[in-house]
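Data block below; observations after.
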Amino acid sequence: MKNPELHNETILEKILYDDDIVKKFLLATLIWAGAAFIFGLLAALQLAWWPMNMNLEWVTFGRLRPLHTNAAIFAFAGNAIFAGIYHSSQRLLKTRMFSDVLSRLHFWGWQLIIISAAITLPLGYSQSKEYAELEWPIDIAIAVIWVVFAVNFFGTIGKRRERHLYVAIWFYIATIITVAVLHIVNSIEIPVSFLQSYPVYAGIQDALVQWWYGHNAVAFFLTTPFLGLMYYYVPKAANRPVYSYQLSIIHFWSLVFIYIWAGPHHLLYTSLPEWAQTLGMVFSLMLWAPSWGGMINGLLTLRGAWHLLRTDPIIKFFVTALTFYGMATFEGPLLSIKSVSALGHYTDWIIGHVHAGALGWNGMLTFGMMYYLVPRLWKTKLYSEKLATNHFWIATLGILLYYISMVTAGITEGLMWRALTPEGRLVYPDFIETVVRVVPLYWVRALGGFLFIIGFFMMAYNLYKTIKAAPAEQSDTEAKVPIRHAVFAQPDTKEGHSKLEGMGTVFSVLAFLAIAVGSIIEIYPTLSLHKYITPTNLVEPYTPLELAGRDIYVSEGCYTCHSQQIRPIAAEVLRYGKASTIEESMYDHPFQWGSKRIGPDLARVGKKYPNLWHFQHMIDPRAVTPKSIMPSYSWMVEKDTDFITLRKKLSIMKYMGVPYDDDTVANADIKAQKEALAIAEDLKANGVNIAKLEKKQIVALIAYLQALGQKGKQP
Amino acid sequence: MKQDGLALFTDTHLTALGLMIFFGFFIGVLIWTSLKANKAIYKKMEQVPLIDDGEIS
């Protein structure tokens, strides 16, 4: 369709859109998608059959799971977003990107960050904060590259030749601003060494900031940018304008305003103050409206073009993506209702919910976008539409198997954990019973993931053949656009929201304010942690050896399977002991409440078992818990504990307010070695015969585990 | 001062007032975006991704 206004212009000039950068991001998406999916499949198989951990520390579940999530979010989805944003923004703003140098710096910088993550996470360099595991040098690199992206993007808006910003651009603006805020605030940490740091936040502060970040990483990295892509590519593919532009305005503002408040729904029934939990729940419920508004707007864009659903694989992917978006955004608020959360939290239901969004929404939308973009950018035809259609069906089947198996597993776990006899005792007192029950469903999940990956490789082959058949000589797309002066020569006569769409800076400031309100109201009060602490419940800080053991716990990613937060729910108190308090994690930098119980909660595991039990359990979990699916941590009897840095670690903790006396800080390593000797002697007395046992990591870890729940004043 | 502020978080009248302000603002935006004068502009803006983006080749 021709733009009458544009063609009435007398002053047009030829420009080249930068297609090369879009192609680069598309190919990166393809490569990292393969890696993320395979890591995911391997992690799924490890839960179904523990020997898949291969007794290798680098691919053990605790380290592989963050690698999978980071690869899926930042490598696969990240590159997909950038490809779509660089392609659509140039066309919507009718200009080449602001700077080719910044575009390439963004591309190569981001790939370098991904490679750094792929190296450090398997090596155990992790902050153990979900989706924010990467250590401080990489955090800084992310901030720098994100600023490069922002400058390039806002520079492009600044030199645009289309006065008004289309809805897709608003979503990109909100994404860039909010991700920067989230990442910087959540990554404030003090370095201990080149690849280790402690967050400045502790306990409930850290929990709230982390889940404000974690939830909004979903909102502003996996939702808003993809909604922007949806608002551009769905109308393009269907050749229909968006169903309601007015609805898109309401969708945008209500979504960015409400989403930012919803983080505390990850912390329901924890020791987080009640008001914050309630805010999180109420705003999560409100999200139903804008989320479904967006989904309806996307789906109804196909009005009068539903026949395409039968024939066009791209439309199939887009419609399915929107359907999964609707389903996942219905389920999210549902799970945020406290009574539903009581059942679903810590279970595989959440894993199913997340993957309905990640595979169904982000995955399918990205696949549709790739099938749309690759033939157009390489100026050729798709190699095989039939193969694309087969990809669609096999991927859909895979997602359904994944989702159904995990929701079934999650509800099963939730019901088994809370089941009580008429006498008020637990029906399944041994946690392992509840694990064994869902292992068959882990196999079904792995099968679902496998089908999804088969589909992905079909797409990779299809796109490879498409690109191979493209003309050898590739050039950037040439476009005839009005010169900027001609576009902005006349004053903007538009009114209402459209006037705002002509003011990029004002629009961006308003978007920032929309996300700042909820962030400040929720986070600011908890920065004064001491207001919530009961002096009589104060706890002792960890001893030097316990802190060394805690660092090992953090490094191994134990939080991926074990929570440290007992909720005030009858069955939970019966199983684990009295509900966790704010004070018990007040010195925890970072907090380790976790979000999933593949194994039992550990908040009060201290002194529950003798040292020997822990020793045997870490070396071979099945020696003390038959049928356990936990990996063996045999390297912990070979690797030495890092005593050298303990003085520095304690001094940093002291600086952050942990009440260590000067003597403990100055002699941290000596004190830790003494503690280690005592535990090693105990183990030796019980038949463990390993040379220099007191130096080994296993001893420090045992010290930490034995301290859990034991630091409070005993009644 | 901060403690006083925090104490107000449990004041149901204040939280209800906050809700009313947010909801009132939302209704205001809803009416603002529904103004008849906007319809023609929406018609034009929704065409932005579909109209010729200047591509020659």
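If you're wondering about the labels, chains in the structure tokens are A, B, ... by order shown, residues count from 1 in each chain, ligands from 1 in order shown.
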
message: Show me, as a PyMOL selection string, the residues that have an atom within 9 Å of A:Thr223 when counting only C-alpha atoms, minus same-chain residues fewer than 6 positions from it.
response: chain A and resi 175+217+325+361-362

message: List as an MDAnalysis selection string the protein and nucleic acid residues near B:Lys39, meaning an atom at most 10 Å away when only C-alpha atoms are counted, but skip any in the same chain fewer than 6 places from it.
response: (chainID A and resid 245:246) or (chainID B and resid 33 45)

Give me a file of those residues, with N, CA and C atoms, as a compact mmCIF listing (two decimals), in the first residue's frame.
# COMPACT_ATOMS: atom_id res chain seq x y z
N TYR A 245 -6.42 0.58 17.44
CA TYR A 245 -5.28 1.41 17.84
C TYR A 245 -5.54 2.00 19.23
N GLN A 246 -6.79 2.32 19.48
CA GLN A 246 -7.14 2.85 20.81
C GLN A 246 -6.83 1.82 21.89
N THR B 33 -8.89 8.67 25.39
CA THR B 33 -8.56 7.96 24.15
C THR B 33 -9.80 7.68 23.31
N MET B 45 -2.82 6.13 11.94
CA MET B 45 -1.68 5.52 12.63
C MET B 45 -1.64 4.00 12.49

query: chain A residues within 8 Å of chain B, counting only C-alpha atoms: which ones, as a count of residues only?
result: 34

task: Find the residues near A:Ile177: any atom within 12 Å, counting only C-alpha atoms, skip ones fewer than 2 places away on the same chain, and give them as an NGL selection string.
output: :A and (143 or 146-147 or 149-151 or 153-154 or 170-175 or 179-184 or 220-221 or 224-225 or 256 or 505 or 507-516)

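Coordinates place atom CA of A:Leu322 at a distance of 12.9 Å from atom CA of A:Leu309.
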
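Going from atom CA of A:Leu650 over to atom CA of A:Val665, you cover 5.5 Å.
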
message: Taking only stretch 287-523 of chain A into account, list the residues labelled alpha helix (DSSP H) by DSSP (computed from the backbone), as an NGL selection string.
response: :A and (288-299 or 308-311 or 313-336 or 338-344 or 348-355 or 364-377 or 385-418 or 431-468 or 484-488 or 496-501 or 504-523)

task: Could you find all residues in stretch 419-638 of chain A that DSSP calls strand (DSSP E) from the backbone, and write them as number ranges by chain?
output: A: 478-482

Shell of 10 Å around A:Cys561, only C-alpha atoms, local chain residues under 4 positions omitted, as a PyMOL selection string: chain A and resi 61-62+65+346+557+594-601+630

- prompt: In Å, with one decimal, what is the gap from atom CA of A:Asp682 to atom CA of A:Glu540?
  reply: 23.7 Å

message: When you count only C-alpha atoms, which of these residues is closest to A:Ala237: A:Phe367, A:Tyr269, A:Tyr372, A:Phe317?
response: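 The answer is A:Tyr372, which sits nearest to A:Ala237.
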